[in-house]
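*Asks:* One file: query35.txt (compact mmCIF, C-alpha atoms).
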# COMPACT_ATOMS: atom_id res chain seq x y z
CA MET A 119 169.49 6.10 26.70
CA LEU A 120 168.69 8.39 23.82
CA VAL A 121 164.99 9.11 23.98
CA GLU A 122 162.95 10.46 21.12
CA GLY A 123 162.45 14.17 21.64
CA GLY A 124 165.70 14.42 23.65
CA ILE A 125 169.00 15.94 22.56
CA ALA A 126 171.68 13.64 21.13
CA PRO A 127 175.25 14.02 22.41
CA GLU A 128 177.57 15.74 19.95
CA ILE A 129 179.62 13.60 17.57
CA VAL A 130 183.02 14.78 16.37
CA LEU A 131 184.73 11.92 14.56
CA ALA A 132 186.91 11.32 11.55
CA ASP A 133 185.38 9.27 8.76
CA SER A 134 187.23 6.45 7.02
CA ALA A 135 188.76 8.92 4.57
CA GLY A 136 190.09 11.11 7.39
CA ALA A 137 187.56 13.94 7.06
CA LEU A 138 186.18 15.40 10.26
CA TRP A 139 182.43 14.87 10.72
CA ARG A 140 180.46 16.88 13.23
CA LEU A 141 176.83 16.07 13.99
CA SER A 142 175.78 19.61 14.91
CA ALA A 143 177.09 20.87 11.54
CA GLN A 144 175.38 18.07 9.60
CA VAL A 145 171.89 18.61 11.03
CA VAL A 146 171.85 22.24 9.88
CA SER A 147 171.08 21.15 6.31
CA GLY A 148 168.52 18.47 7.17
CA PRO A 149 167.87 15.36 9.23
CA VAL A 150 170.73 12.90 9.65
CA VAL A 151 170.14 9.15 9.58
CA LEU A 152 172.87 7.50 11.65
CA LEU A 153 173.48 3.77 11.32
CA CYS A 154 175.55 2.12 14.00
CA TYR A 155 176.80 -1.31 13.02
CA ARG A 156 178.82 -4.08 14.59
CA GLY A 157 181.77 -3.76 12.26
CA HIS A 158 184.41 -6.08 10.96
CA TRP A 159 184.78 -9.61 12.36
CA MET B 142 174.59 -1.26 4.87
CA ALA B 143 173.90 -2.32 1.30
CA ASP B 144 170.18 -2.01 1.97
CA TYR B 145 170.63 1.61 3.06
CA ARG B 146 172.97 2.23 0.10
CA ASP B 147 170.17 1.15 -2.22
CA HIS B 148 167.77 3.61 -0.57
CA TYR B 149 170.34 6.41 -0.46
CA PRO B 150 168.98 8.42 -3.45
CA GLN B 151 165.52 8.44 -1.90
CA ILE B 152 166.90 9.42 1.50
CA LEU B 153 168.68 12.38 -0.13
CA ALA B 154 165.53 13.27 -2.06
CA ALA B 155 163.66 13.41 1.25
CA GLY B 156 166.11 16.10 2.38
CA ALA B 157 168.13 13.92 4.74
CA THR B 158 171.71 12.70 4.84
CA LEU B 159 173.17 9.42 6.01
CA ALA B 160 176.25 8.31 7.91
CA ALA B 161 177.38 4.97 9.33
CA LEU B 162 179.41 4.42 12.48
CA SER B 163 181.42 1.55 13.95
CA VAL B 164 184.47 0.96 16.15
CA ASP B 165 186.52 -0.27 13.17
CA THR B 166 189.78 1.38 12.18
CA PRO B 167 189.74 3.83 9.25
CA GLU B 168 191.48 1.17 7.14
CA GLN B 169 188.83 -1.46 7.85
CA SER B 170 186.01 1.02 7.31
CA GLU B 171 187.45 2.37 4.10
CA SER B 172 187.87 -1.09 2.61
CA LEU B 173 184.27 -1.90 3.53
CA ARG B 174 183.09 1.40 2.05
CA LEU B 175 184.92 0.67 -1.21
CA ALA B 176 183.85 -2.98 -1.34
CA LEU B 177 180.17 -2.10 -0.87
CA GLN B 178 180.51 1.16 -2.85
CA LEU B 179 178.85 3.13 -0.08
CA PRO B 180 178.10 6.74 -1.09
CA PHE B 181 178.00 7.91 2.54
CA PRO B 182 180.76 8.30 5.16
CA ILE B 183 181.68 5.73 7.78
CA LEU B 184 182.61 7.33 11.10
CA CYS B 185 185.37 5.64 13.08
CA ASP B 186 184.63 5.50 16.80
CA THR B 187 187.78 3.54 17.62
CA GLU B 188 187.85 4.91 21.18
CA ARG B 189 184.20 3.82 21.74
CA ARG B 190 183.42 7.26 23.11
CA VAL B 191 180.35 7.99 20.98
CA ILE B 192 178.78 4.55 21.33
CA ARG B 193 179.12 4.83 25.12
CA GLU B 194 177.58 8.31 25.17
CA TRP B 195 174.78 7.15 22.90
CA ASN B 196 174.28 4.04 25.01
CA VAL B 197 174.71 1.58 22.13
CA TYR B 198 177.84 0.02 23.57
CA ASN B 199 178.04 -3.76 23.71
CA PRO B 200 181.10 -4.56 25.88
CA ARG B 201 180.77 -8.33 25.59
CA GLU B 202 182.11 -8.78 22.06
CA ARG B 203 185.51 -8.15 20.49
CA GLY B 204 186.70 -5.49 22.90
CA GLY B 205 183.39 -3.64 22.75
CA ILE B 206 181.35 -2.93 19.63
CA ALA B 207 178.28 -0.94 18.65
CA LYS B 208 174.84 -2.43 19.01
CA PRO B 209 173.10 -2.31 15.63
CA SER B 210 170.95 0.79 15.76
CA VAL B 211 169.35 3.52 13.69
CA PHE B 212 168.81 7.14 14.69
CA VAL B 213 167.19 10.08 12.95
CA ILE B 214 168.53 13.36 14.28
CA ASP B 215 166.93 16.71 13.45
CA ALA B 216 168.14 20.29 13.79
CA ASP B 217 169.77 21.17 17.13
CA ARG B 218 170.56 17.44 17.52
CA LYS B 219 166.99 16.64 18.52
CA VAL B 220 166.31 12.91 18.42
CA ARG B 221 163.36 12.20 16.15
CA TYR B 222 163.75 8.44 16.10
CA ALA B 223 165.86 5.89 17.95
CA ALA B 224 165.87 2.11 17.44
CA VAL B 225 168.43 -0.13 19.11
CA ASP B 226 168.51 -3.84 18.43
CA GLY B 227 169.91 -6.44 20.77
CA VAL B 228 171.37 -8.63 18.08
CA ALA B 229 172.44 -8.25 14.49
CA THR B 230 169.22 -7.03 12.91
CA ARG B 231 168.39 -3.45 12.10
CA ARG B 232 165.35 -1.41 11.17
CA PRO B 233 164.69 -1.66 7.44
CA PRO B 234 165.47 1.47 5.39
CA ALA B 235 161.97 1.57 3.91
CA GLU B 236 160.58 2.26 7.38
CA ILE B 237 163.05 5.11 7.94
CA LEU B 238 162.36 6.51 4.49
CA ARG B 239 158.60 6.58 5.07
CA MET B 240 159.19 8.64 8.20
CA LEU B 241 161.48 11.10 6.38
CA GLN B 242 159.04 11.52 3.51
CA LYS B 243 156.13 12.04 5.88
CA ASN B 244 158.03 14.80 7.65
CA PRO B 245 160.66 16.19 5.27
CA GLY B 246 163.23 18.79 6.16
CA GLY B 247 163.18 18.00 9.85
CA GLN B 248 160.08 20.01 10.64
CA PRO B 249 159.07 19.37 14.24
CA ILE B 250 156.38 16.77 14.59
CA ARG B 251 153.07 18.33 15.57
CA SER B 252 151.95 17.64 19.07
CA LYS B 253 149.27 14.98 19.21
CA VAL B 254 147.64 16.65 22.22
CA TYR B 255 144.26 18.03 21.19
CA MET B 256 143.84 21.72 21.93
CA PRO B 257 140.20 22.67 22.51
CA ARG B 258 138.83 25.35 20.22
CA PRO B 259 136.24 28.05 21.19
CA ALA B 260 133.47 25.92 19.66
CA ASP B 261 134.39 23.10 22.06
CA TRP B 262 134.09 25.40 25.07
CA PHE B 263 130.77 26.69 23.81
CA ARG B 264 129.44 23.14 23.33
CA ALA B 265 130.61 22.13 26.82
CA LEU B 266 128.94 25.19 28.36
CA ARG B 267 125.70 24.53 26.50
CA ASN B 268 125.68 20.87 27.60
CA ASN B 269 126.20 21.95 31.21
CA LEU B 270 123.32 24.44 31.08
CA ARG B 271 121.04 21.77 29.61
CA ARG B 272 121.55 19.42 32.56
As a first step, turn the structure in this file into structure tokens.

*Replies:*
Amino acid sequence: MLVEGGIAPEIVLADSAGALWRLSAQVVSGPVVLLCYRGHW
Amino acid sequence: MADYRDHYPQILAAGATLAALSVDTPEQSESLRLALQLPFPILCDTERRVIREWNVYNPRERGGIAKPSVFVIDADRKVRYAAVDGVATRRPPAEILRMLQKNPGGQPIRSKVYMPRPADWFRALRNNLRR
């Protein structure tokens, strides 16, 4: 479980347009809000 | 998603960025992004690796999907906020925005532990002598 104050595991994923997205690079410029959702059904 | 889209300018103004994540294929995610006109990226965790590592994996539906959840991650990947919902609901964006505005730029939240100052020690000493 991710606990507040802990360290989140790295994310390296492609977005829907094919661009690579890396969490550790994103947080350099400010906080990142990440929304996980159930997806298509 | 649309609710966060509508708060996106304010989230940016608070110094933060936004990304969504699901197990959908890039094609499914891209059509959703275009249909809802989302100004932020949708990450495609088709292998379910991230949602397992982040412990938001729901294996009981459609081959395994993400539990609806919201995270705020600061510099060095420090978790400022984590909310995982059991069903389809999610934390409202206004709540997340208030937190970002209260603490912009990912500054570490001050410890709530009270540190005694010299005056406190002096008062304690004086009270002890009086007894």

*Asks:* Check every residue of chain B for an atom within 6 Å of chain A, counting only C-alpha atoms, and provide those that qualify as a VMD selection string.

*Replies:* chain B and resid 156 to 163 165 167 170 to 171 182 to 185 196 206 to 207 209 to 216 218 to 222 246 to 247

*Asks:* Between B:Arg239, B:Arg189, B:Lys208, B:Arg174, which has the minimum distance to His148 of chain B (counting only C-alpha atoms)?

*Replies:*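 The answer is B:Arg239, which sits nearest to His148 of chain B.
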
*Asks:* Record the distance separating atom CA of Ile152 of chain B and atom CA of Val225 of chain B, expressed in Å with one decimal.

*Replies:*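 So the two atoms, atom CA of Ile152 of chain B and atom CA of Val225 of chain B, lie 20.1 Å apart.
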
*Asks:* Using Å and a single decimal, report how far atom CA of Asp147 of chain B sits from atom CA of Arg232 of chain B.

*Replies:* 14.5 Å

*Asks:* How far is it from atom CA of Trp195 of chain B to atom CA of Glu168 of chain B, in Å with one decimal?

*Replies:*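 Computed distance, atom CA of Trp195 of chain B to atom CA of Glu168 of chain B, equals 23.7 Å.
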
*Asks:* Enclose segment 151-158 of chain A, meaning all of its atoms listed in the file, in a box aligned along x, y and z, pad it by 3 Å on each side, and list the centre and edge lengths in Å to one decimal, as AutoDock Vina command-line options.

*Replies:*
--center_x 177.3 --center_y 1.5 --center_z 12.1 --size_x 20.3 --size_y 21.2 --size_z 11.0

*Asks:* Which residue is closest to Glu202 of chain B? Choose from B:Ala265, B:Ala154, B:Val164, B:Ala143 and count only C-alpha atoms.

*Replies:* B:Val164
